[in-house]
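Here is the file protein21.tsv (TSV, N, CA and C atoms).
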```tsv
chain	number	residue	atom	x	y	z
A	1	MET	N	21.23	2.29	-2.03
A	1	MET	CA	21.01	0.99	-1.45
A	1	MET	C	19.51	0.80	-1.24
A	2	HIS	N	19.01	-0.37	-1.63
A	2	HIS	CA	17.60	-0.69	-1.43
A	2	HIS	C	17.50	-1.79	-0.38
A	3	ILE	N	16.70	-1.54	0.65
A	3	ILE	CA	16.58	-2.43	1.80
A	3	ILE	C	15.13	-2.87	1.96
A	4	ILE	N	14.93	-4.18	2.18
A	4	ILE	CA	13.62	-4.69	2.59
A	4	ILE	C	13.66	-4.81	4.11
A	5	LEU	N	12.66	-4.24	4.77
A	5	LEU	CA	12.56	-4.29	6.23
A	5	LEU	C	11.32	-5.06	6.63
A	6	THR	N	11.49	-6.01	7.55
A	6	THR	CA	10.37	-6.76	8.11
A	6	THR	C	10.65	-7.01	9.59
A	7	ASN	N	9.74	-7.73	10.24
A	7	ASN	CA	9.95	-8.16	11.62
A	7	ASN	C	9.04	-9.34	11.90
A	8	ASP	N	9.05	-9.84	13.14
A	8	ASP	CA	8.08	-10.89	13.48
A	8	ASP	C	7.11	-10.45	14.57
A	9	ASP	N	7.24	-9.21	15.02
A	9	ASP	CA	6.35	-8.71	16.06
A	9	ASP	C	5.17	-7.91	15.51
A	10	GLY	N	5.09	-7.79	14.20
A	10	GLY	CA	3.96	-7.14	13.58
A	10	GLY	C	4.13	-5.64	13.40
A	11	HIS	N	3.18	-5.07	12.66
A	11	HIS	CA	3.27	-3.66	12.29
A	11	HIS	C	3.14	-2.71	13.47
A	12	SER	N	2.58	-3.17	14.58
A	12	SER	CA	2.40	-2.28	15.73
A	12	SER	C	3.58	-2.31	16.71
A	13	SER	N	4.62	-3.05	16.40
A	13	SER	CA	5.78	-3.11	17.30
A	13	SER	C	6.42	-1.74	17.47
A	14	PRO	N	6.58	-1.28	18.70
A	14	PRO	CA	7.21	0.03	18.90
A	14	PRO	C	8.68	0.07	18.49
A	15	LEU	N	9.35	-1.06	18.46
A	15	LEU	CA	10.76	-1.08	18.08
A	15	LEU	C	10.97	-0.97	16.57
A	16	LEU	N	9.94	-1.24	15.80
A	16	LEU	CA	10.04	-1.15	14.34
A	16	LEU	C	10.39	0.26	13.90
A	17	ARG	N	9.82	1.24	14.57
A	17	ARG	CA	10.03	2.65	14.17
A	17	ARG	C	11.50	3.06	14.23
A	18	PHE	N	12.25	2.50	15.20
A	18	PHE	CA	13.68	2.82	15.31
A	18	PHE	C	14.43	2.40	14.05
A	19	LEU	N	14.15	1.19	13.58
A	19	LEU	CA	14.83	0.72	12.36
A	19	LEU	C	14.38	1.50	11.13
A	20	ILE	N	13.11	1.80	11.04
A	20	ILE	CA	12.63	2.59	9.90
A	20	ILE	C	13.39	3.91	9.84
A	21	ASP	N	13.43	4.61	10.96
A	21	ASP	CA	14.09	5.92	10.99
A	21	ASP	C	15.57	5.82	10.63
A	22	TYR	N	16.25	4.83	11.17
A	22	TYR	CA	17.68	4.70	10.88
A	22	TYR	C	17.93	4.29	9.44
A	23	LEU	N	17.25	3.25	8.99
A	23	LEU	CA	17.51	2.72	7.64
A	23	LEU	C	17.21	3.74	6.56
A	24	ARG	N	16.25	4.61	6.79
A	24	ARG	CA	15.94	5.65	5.79
A	24	ARG	C	17.09	6.64	5.62
A	25	THR	N	18.01	6.70	6.59
A	25	THR	CA	19.17	7.58	6.45
A	25	THR	C	20.25	6.98	5.57
A	26	ILE	N	20.17	5.67	5.31
A	26	ILE	CA	21.22	5.02	4.51
A	26	ILE	C	20.73	4.46	3.18
A	27	GLY	N	19.42	4.46	2.96
A	27	GLY	CA	18.94	3.94	1.69
A	27	GLY	C	17.43	4.00	1.55
A	28	ASP	N	16.96	3.46	0.42
A	28	ASP	CA	15.53	3.34	0.18
A	28	ASP	C	15.03	2.09	0.90
A	29	VAL	N	13.92	2.22	1.60
A	29	VAL	CA	13.42	1.12	2.43
A	29	VAL	C	12.02	0.73	1.97
A	30	THR	N	11.84	-0.56	1.68
A	30	THR	CA	10.52	-1.12	1.44
A	30	THR	C	10.14	-1.89	2.70
A	31	ILE	N	9.06	-1.46	3.33
A	31	ILE	CA	8.62	-2.05	4.59
A	31	ILE	C	7.51	-3.05	4.30
A	32	VAL	N	7.74	-4.31	4.67
A	32	VAL	CA	6.75	-5.37	4.47
A	32	VAL	C	6.70	-6.17	5.76
A	33	VAL	N	5.65	-5.98	6.54
A	33	VAL	CA	5.59	-6.54	7.89
A	33	VAL	C	4.32	-7.36	8.09
A	34	PRO	N	4.38	-8.31	9.03
A	34	PRO	CA	3.18	-9.10	9.33
A	34	PRO	C	2.08	-8.25	9.98
A	35	LYS	N	0.85	-8.65	9.71
A	35	LYS	CA	-0.31	-7.97	10.29
A	35	LYS	C	-0.35	-8.16	11.80
A	36	GLU	N	0.04	-9.35	12.25
A	36	GLU	CA	0.03	-9.69	13.67
A	36	GLU	C	1.35	-10.32	14.05
A	37	GLU	N	1.56	-10.47	15.34
A	37	GLU	CA	2.80	-11.09	15.82
A	37	GLU	C	2.96	-12.48	15.22
A	38	GLN	N	4.17	-12.78	14.79
A	38	GLN	CA	4.49	-14.07	14.18
A	38	GLN	C	5.74	-14.68	14.82
A	39	SER	N	5.88	-14.50	16.13
A	39	SER	CA	7.01	-15.09	16.84
A	39	SER	C	6.94	-16.62	16.76
A	40	TRP	N	8.09	-17.24	16.79
A	40	TRP	CA	8.23	-18.69	16.79
A	40	TRP	C	7.76	-19.35	15.49
A	41	THR	N	7.80	-18.63	14.40
A	41	THR	CA	7.39	-19.21	13.11
A	41	THR	C	8.57	-19.65	12.27
A	42	GLY	N	9.79	-19.38	12.71
A	42	GLY	CA	10.97	-19.78	11.94
A	42	GLY	C	10.90	-19.24	10.52
A	43	LYS	N	11.20	-20.12	9.54
A	43	LYS	CA	11.13	-19.72	8.14
A	43	LYS	C	9.89	-20.32	7.47
A	44	SER	N	8.86	-20.55	8.26
A	44	SER	CA	7.65	-21.15	7.68
A	44	SER	C	6.99	-20.21	6.69
A	45	MET	N	6.31	-20.81	5.73
A	45	MET	CA	5.60	-20.08	4.68
A	45	MET	C	4.13	-20.51	4.70
A	46	THR	N	3.26	-19.60	4.34
A	46	THR	CA	1.83	-19.90	4.24
A	46	THR	C	1.59	-20.69	2.97
A	47	ARG	N	0.84	-21.79	3.09
A	47	ARG	CA	0.68	-22.68	1.95
A	47	ARG	C	-0.76	-22.86	1.48
A	48	PHE	N	-1.70	-22.94	2.39
A	48	PHE	CA	-3.04	-23.40	2.02
A	48	PHE	C	-4.08	-22.30	1.89
A	49	ARG	N	-3.65	-21.06	1.79
A	49	ARG	CA	-4.60	-19.96	1.60
A	49	ARG	C	-3.86	-18.80	0.94
A	50	PRO	N	-4.59	-17.95	0.24
A	50	PRO	CA	-3.94	-16.77	-0.33
A	50	PRO	C	-3.61	-15.76	0.78
A	51	LEU	N	-2.56	-15.01	0.55
A	51	LEU	CA	-2.16	-13.97	1.50
A	51	LEU	C	-2.86	-12.66	1.17
A	52	GLN	N	-3.26	-11.95	2.20
A	52	GLN	CA	-3.84	-10.62	2.04
A	52	GLN	C	-2.74	-9.59	2.28
A	53	VAL	N	-2.59	-8.66	1.35
A	53	VAL	CA	-1.60	-7.59	1.47
A	53	VAL	C	-2.32	-6.25	1.44
A	54	ASP	N	-2.11	-5.45	2.47
A	54	ASP	CA	-2.71	-4.12	2.55
A	54	ASP	C	-1.61	-3.08	2.64
A	55	GLU	N	-1.87	-1.91	2.06
A	55	GLU	CA	-0.95	-0.79	2.24
A	55	GLU	C	-1.39	0.01	3.45
A	56	ILE	N	-0.41	0.32	4.32
A	56	ILE	CA	-0.70	1.07	5.55
A	56	ILE	C	0.34	2.18	5.71
A	57	LYS	N	0.09	3.05	6.68
A	57	LYS	CA	1.06	4.08	7.06
A	57	LYS	C	1.67	3.69	8.40
A	58	LEU	N	2.98	3.77	8.48
A	58	LEU	CA	3.70	3.62	9.75
A	58	LEU	C	4.42	4.94	9.98
A	59	GLY	N	3.84	5.77	10.82
A	59	GLY	CA	4.37	7.12	10.95
A	59	GLY	C	4.19	7.85	9.63
A	60	ASP	N	5.29	8.33	9.07
A	60	ASP	CA	5.21	8.98	7.77
A	60	ASP	C	5.71	8.08	6.64
A	61	SER	N	5.77	6.78	6.90
A	61	SER	CA	6.24	5.82	5.90
A	61	SER	C	5.11	4.95	5.37
A	62	GLN	N	5.13	4.68	4.08
A	62	GLN	CA	4.21	3.71	3.49
A	62	GLN	C	4.76	2.31	3.78
A	63	ALA	N	3.88	1.36	4.02
A	63	ALA	CA	4.29	-0.01	4.31
A	63	ALA	C	3.27	-0.97	3.74
A	64	PHE	N	3.70	-2.20	3.55
A	64	PHE	CA	2.81	-3.29	3.18
A	64	PHE	C	2.61	-4.15	4.43
A	65	CYS	N	1.38	-4.51	4.69
A	65	CYS	CA	1.02	-5.32	5.85
A	65	CYS	C	0.45	-6.65	5.33
A	66	VAL	N	1.05	-7.76	5.75
A	66	VAL	CA	0.74	-9.08	5.21
A	66	VAL	C	0.18	-9.97	6.31
A	67	ASP	N	-0.89	-10.71	6.00
A	67	ASP	CA	-1.42	-11.65	6.99
A	67	ASP	C	-0.70	-12.99	6.88
A	68	GLY	N	0.61	-12.94	7.03
A	68	GLY	CA	1.44	-14.13	6.93
A	68	GLY	C	2.67	-14.01	7.81
A	69	THR	N	3.61	-14.88	7.57
A	69	THR	CA	4.83	-14.95	8.37
A	69	THR	C	5.87	-13.95	7.88
A	70	PRO	N	6.92	-13.73	8.65
A	70	PRO	CA	8.00	-12.86	8.18
A	70	PRO	C	8.64	-13.38	6.88
A	71	ALA	N	8.80	-14.69	6.75
A	71	ALA	CA	9.34	-15.25	5.50
A	71	ALA	C	8.39	-14.98	4.34
A	72	ASP	N	7.08	-15.05	4.56
A	72	ASP	CA	6.11	-14.66	3.53
A	72	ASP	C	6.33	-13.21	3.11
A	73	CYS	N	6.55	-12.34	4.09
A	73	CYS	CA	6.74	-10.92	3.80
A	73	CYS	C	7.93	-10.71	2.88
A	74	VAL	N	9.04	-11.36	3.17
A	74	VAL	CA	10.24	-11.21	2.34
A	74	VAL	C	10.01	-11.81	0.97
A	75	ASN	N	9.39	-12.98	0.91
A	75	ASN	CA	9.11	-13.62	-0.37
A	75	ASN	C	8.23	-12.74	-1.25
A	76	LEU	N	7.17	-12.18	-0.68
A	76	LEU	CA	6.29	-11.28	-1.43
A	76	LEU	C	7.04	-10.04	-1.91
A	77	ALA	N	7.88	-9.50	-1.05
A	77	ALA	CA	8.66	-8.32	-1.45
A	77	ALA	C	9.57	-8.65	-2.62
A	78	LEU	N	10.27	-9.77	-2.53
A	78	LEU	CA	11.25	-10.13	-3.57
A	78	LEU	C	10.60	-10.43	-4.91
A	79	TYR	N	9.47	-11.11	-4.90
A	79	TYR	CA	8.92	-11.62	-6.15
A	79	TYR	C	7.64	-10.92	-6.62
A	80	ASN	N	7.13	-9.98	-5.82
A	80	ASN	CA	5.88	-9.32	-6.21
A	80	ASN	C	5.83	-7.82	-5.95
A	81	LEU	N	6.54	-7.33	-4.96
A	81	LEU	CA	6.34	-5.94	-4.54
A	81	LEU	C	7.43	-4.98	-4.97
A	82	VAL	N	8.65	-5.45	-5.13
A	82	VAL	CA	9.74	-4.55	-5.53
A	82	VAL	C	10.21	-4.91	-6.94
A	83	PRO	N	10.45	-3.91	-7.78
A	83	PRO	CA	10.79	-4.18	-9.17
A	83	PRO	C	12.21	-4.70	-9.39
A	84	GLU	N	13.13	-4.39	-8.49
A	84	GLU	CA	14.51	-4.82	-8.65
A	84	GLU	C	14.98	-5.55	-7.40
A	85	LYS	N	15.97	-6.41	-7.58
A	85	LYS	CA	16.52	-7.15	-6.46
A	85	LYS	C	17.11	-6.17	-5.44
A	86	PRO	N	16.69	-6.28	-4.18
A	86	PRO	CA	17.23	-5.39	-3.15
A	86	PRO	C	18.66	-5.77	-2.78
A	87	ASP	N	19.31	-4.87	-2.07
A	87	ASP	CA	20.69	-5.11	-1.63
A	87	ASP	C	20.77	-5.81	-0.28
A	88	LEU	N	19.72	-5.69	0.52
A	88	LEU	CA	19.78	-6.16	1.90
A	88	LEU	C	18.38	-6.43	2.43
A	89	VAL	N	18.27	-7.46	3.27
A	89	VAL	CA	17.06	-7.71	4.06
A	89	VAL	C	17.41	-7.43	5.51
A	90	VAL	N	16.60	-6.61	6.17
A	90	VAL	CA	16.77	-6.34	7.59
A	90	VAL	C	15.50	-6.78	8.30
A	91	SER	N	15.68	-7.49	9.42
A	91	SER	CA	14.54	-8.00	10.17
A	91	SER	C	14.69	-7.62	11.64
A	92	GLY	N	13.61	-7.10	12.23
A	92	GLY	CA	13.65	-6.74	13.64
A	92	GLY	C	13.09	-5.36	13.87
A	93	ILE	N	13.33	-4.80	14.92
A	93	ILE	CA	14.05	-5.28	16.09
A	93	ILE	C	13.12	-6.22	16.85
A	94	ASN	N	13.53	-7.46	17.01
A	94	ASN	CA	12.72	-8.45	17.72
A	94	ASN	C	12.66	-8.11	19.21
A	95	ILE	N	11.49	-8.25	19.78
A	95	ILE	CA	11.34	-8.08	21.22
A	95	ILE	C	11.59	-9.44	21.86
A	96	GLY	N	12.78	-9.65	22.34
A	96	GLY	CA	13.19	-10.92	22.94
A	96	GLY	C	14.50	-11.39	22.34
A	97	ARG	N	15.14	-12.29	23.05
A	97	ARG	CA	16.45	-12.77	22.60
A	97	ARG	C	16.31	-13.88	21.57
A	98	ASN	N	17.29	-13.99	20.75
A	98	ASN	CA	17.37	-15.08	19.77
A	98	ASN	C	18.74	-15.73	19.88
A	99	THR	N	19.13	-16.08	21.09
A	99	THR	CA	20.43	-16.69	21.33
A	99	THR	C	20.27	-18.20	21.46
A	100	GLY	N	21.25	-18.93	20.99
A	100	GLY	CA	21.22	-20.38	21.05
A	100	GLY	C	20.47	-20.97	19.88
A	101	VAL	N	20.74	-22.23	19.63
A	101	VAL	CA	20.17	-22.91	18.46
A	101	VAL	C	18.65	-22.96	18.52
A	102	GLY	N	18.08	-23.28	19.67
A	102	GLY	CA	16.63	-23.40	19.78
A	102	GLY	C	15.90	-22.12	19.44
A	103	PHE	N	16.39	-21.01	19.97
A	103	PHE	CA	15.77	-19.72	19.65
A	103	PHE	C	16.01	-19.35	18.20
A	104	ALA	N	17.23	-19.56	17.72
A	104	ALA	CA	17.59	-19.12	16.37
A	104	ALA	C	16.77	-19.83	15.29
A	105	ILE	N	16.63	-21.15	15.39
A	105	ILE	CA	15.91	-21.86	14.32
A	105	ILE	C	14.40	-21.67	14.41
A	106	SER	N	13.93	-21.20	15.55
A	106	SER	CA	12.49	-20.95	15.72
A	106	SER	C	12.10	-19.51	15.46
A	107	SER	N	13.06	-18.63	15.31
A	107	SER	CA	12.81	-17.20	15.23
A	107	SER	C	12.27	-16.77	13.87
A	108	GLY	N	11.12	-16.11	13.88
A	108	GLY	CA	10.61	-15.51	12.66
A	108	GLY	C	11.50	-14.38	12.18
A	109	THR	N	12.15	-13.70	13.10
A	109	THR	CA	13.08	-12.62	12.76
A	109	THR	C	14.22	-13.16	11.91
A	110	ILE	N	14.81	-14.25	12.35
A	110	ILE	CA	15.91	-14.88	11.61
A	110	ILE	C	15.39	-15.56	10.36
A	111	GLY	N	14.21	-16.18	10.44
A	111	GLY	CA	13.61	-16.84	9.27
A	111	GLY	C	13.42	-15.90	8.10
A	112	ALA	N	13.08	-14.65	8.37
A	112	ALA	CA	12.93	-13.65	7.30
A	112	ALA	C	14.25	-13.43	6.58
A	113	CYS	N	15.33	-13.35	7.33
A	113	CYS	CA	16.65	-13.18	6.71
A	113	CYS	C	17.05	-14.41	5.92
A	114	LEU	N	16.71	-15.58	6.41
A	114	LEU	CA	17.01	-16.81	5.67
A	114	LEU	C	16.30	-16.83	4.32
A	115	GLU	N	15.07	-16.34	4.28
A	115	GLU	CA	14.33	-16.28	3.01
A	115	GLU	C	15.08	-15.39	2.02
A	116	GLY	N	15.61	-14.28	2.48
A	116	GLY	CA	16.42	-13.43	1.62
A	116	GLY	C	17.70	-14.10	1.20
A	117	ASN	N	18.35	-14.82	2.13
A	117	ASN	CA	19.59	-15.52	1.82
A	117	ASN	C	19.40	-16.55	0.72
A	118	ILE	N	18.27	-17.23	0.71
A	118	ILE	CA	17.98	-18.21	-0.33
A	118	ILE	C	17.98	-17.56	-1.70
A	119	ALA	N	17.56	-16.30	-1.76
A	119	ALA	CA	17.55	-15.55	-3.02
A	119	ALA	C	18.88	-14.84	-3.29
A	120	GLY	N	19.87	-15.10	-2.45
A	120	GLY	CA	21.19	-14.50	-2.65
A	120	GLY	C	21.34	-13.10	-2.09
A	121	ILE	N	20.47	-12.72	-1.17
A	121	ILE	CA	20.50	-11.38	-0.59
A	121	ILE	C	20.96	-11.48	0.87
A	122	PRO	N	21.98	-10.72	1.25
A	122	PRO	CA	22.42	-10.75	2.64
A	122	PRO	C	21.34	-10.20	3.57
A	123	GLY	N	21.39	-10.64	4.82
A	123	GLY	CA	20.40	-10.19	5.79
A	123	GLY	C	21.02	-9.90	7.14
A	124	ILE	N	20.36	-9.02	7.87
A	124	ILE	CA	20.74	-8.70	9.24
A	124	ILE	C	19.49	-8.81	10.10
A	125	ALA	N	19.56	-9.62	11.16
A	125	ALA	CA	18.44	-9.79	12.09
A	125	ALA	C	18.81	-9.14	13.42
A	126	PHE	N	17.96	-8.24	13.89
A	126	PHE	CA	18.18	-7.55	15.16
A	126	PHE	C	17.21	-8.08	16.20
A	127	SER	N	17.74	-8.38	17.40
A	127	SER	CA	16.91	-8.82	18.52
A	127	SER	C	17.40	-8.14	19.79
A	128	GLN	N	16.47	-7.85	20.69
A	128	GLN	CA	16.83	-7.21	21.95
A	128	GLN	C	15.99	-7.81	23.07
A	129	ASP	N	16.66	-8.44	24.02
A	129	ASP	CA	15.97	-8.98	25.19
A	129	ASP	C	15.76	-7.85	26.19
A	130	LEU	N	14.53	-7.57	26.49
A	130	LEU	CA	14.19	-6.48	27.40
A	130	LEU	C	13.39	-7.01	28.58
A	131	ALA	N	13.81	-6.66	29.78
A	131	ALA	CA	13.09	-7.08	30.98
A	131	ALA	C	11.72	-6.41	31.03
A	132	SER	N	10.74	-7.12	31.56
A	132	SER	CA	9.37	-6.58	31.59
A	132	SER	C	9.26	-5.33	32.46
A	133	ASP	N	10.16	-5.16	33.44
A	133	ASP	CA	10.10	-3.94	34.24
A	133	ASP	C	10.71	-2.74	33.52
A	134	VAL	N	11.43	-3.02	32.42
A	134	VAL	CA	12.02	-1.95	31.60
A	134	VAL	C	11.11	-1.63	30.43
A	135	PHE	N	10.49	-2.66	29.86
A	135	PHE	CA	9.71	-2.48	28.64
A	135	PHE	C	8.50	-3.39	28.68
A	136	SER	N	7.33	-2.85	28.50
A	136	SER	CA	6.11	-3.64	28.47
A	136	SER	C	5.45	-3.47	27.11
A	137	TYR	N	5.11	-4.58	26.46
A	137	TYR	CA	4.53	-4.52	25.12
A	137	TYR	C	3.24	-5.29	25.09
```

Output the file's structure as structure tokens, nothing else.
Amino acid sequence: MHIILTNDDGHSSPLLRFLIDYLRTIGDVTIVVPKEEQSWTGKSMTRFRPLQVDEIKLGDSQAFCVDGTPADCVNLALYNLVPEKPDLVVSGINIGRNTGVGFAISSGTIGACLEGNIAGIPGIAFSQDLASDVFSY
């Protein structure tokens, strides 16, 4: 199984490592994440400038870091970075809830999965609402 992994909290999100570790036990993972936090971007795409893509290390994993939105990350992965169509897009773990229509349509986490869905690839978006006294980011 080949999985594209992204998020909307950026490459430095501490919750990203949990998904990387788990997904690597079930398949090959291509990690393509935003350079900076991209919360509240929905499925927006960068239009008026070229995207910068850098290769980085996340723990012991190679990753692509994009100065764009989560949907940009998935689009670049699908059409430029991976040679074959992946089986699944996974996005998250988002720091914060994505419940209700307002949160869902504004979520970069969900927007990344929608970009995969447009290409016929199923997606799973993970979000976790954490109280500030439990988790500080």

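Between Phe103 of chain A and the candidates A:Ser44, A:Val66, A:Ser39, A:Asp21, the tightest atom-to-atom separation, counting only C-alpha atoms, involves A:Ser39.
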
**OP:** Assign secondary structure with DSSP using the backbone only, and return the residues of segment 12-52 of chain A in strand (DSSP E) as a PyMOL selection string.
**Re:** chain A and resi 28-34

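Shortest atom-to-atom contact with Asp54 of chain A among A:Ile95, A:Glu84, A:Ile26, A:His11: A:His11, counting only C-alpha atoms.
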
Report, as AutoDock Vina command-line options, the centre and edge lengths in Å (one decimal) of the axis-aligned box enclosing every listed atom of segment 113-124 of chain A, padded by 8 Å on each side.
```
--center_x 18.4 --center_y -13.5 --center_z 3.4 --size_x 24.1 --size_y 25.5 --size_z 29.4
```

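Among A:Leu23, A:Val32, A:Pro50, A:Lys57, the residue with the shortest atom-to-atom distance to Leu76 of chain A, counting all atoms listed in the file, is A:Val32.
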
Original post:
Which polymer residues have any atom within 7 Å of an atom of Thr30 of chain A, counting all atoms listed in the file, with same-chain residues fewer than 5 positions away left out, as a PyMOL selection string?
Top reply: chain A and resi 2-6+62-64

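When only N, CA and C atoms are used to measure the gap to Lys35 of chain A, the shortest distance among A:Gly116, A:Pro70, A:Gly108, A:Pro83 belongs to A:Pro70.
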
Subject >> Met1 of chain A surroundings by only C-alpha atoms, 12 Å radius, close-in-sequence under 4 positions cut, as a ChimeraX atom specification >> reply: /A:23-30,84-89

**OP:** Work out how far apart atom CA of Leu15 of chain A and atom CA of Ile93 of chain A are and give it in Å to one decimal.
**Re:** 5.7 Å

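Picture a line from atom CA of Gly96 of chain A to atom CA of Leu81 of chain A; it runs 28.8 Å.
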
Original post:
Which one is closest to Ala125 of chain A: A:Cys65, A:Leu51, A:Cys113, A:Val101? Count all atoms listed in the file.
Top reply: A:Cys113
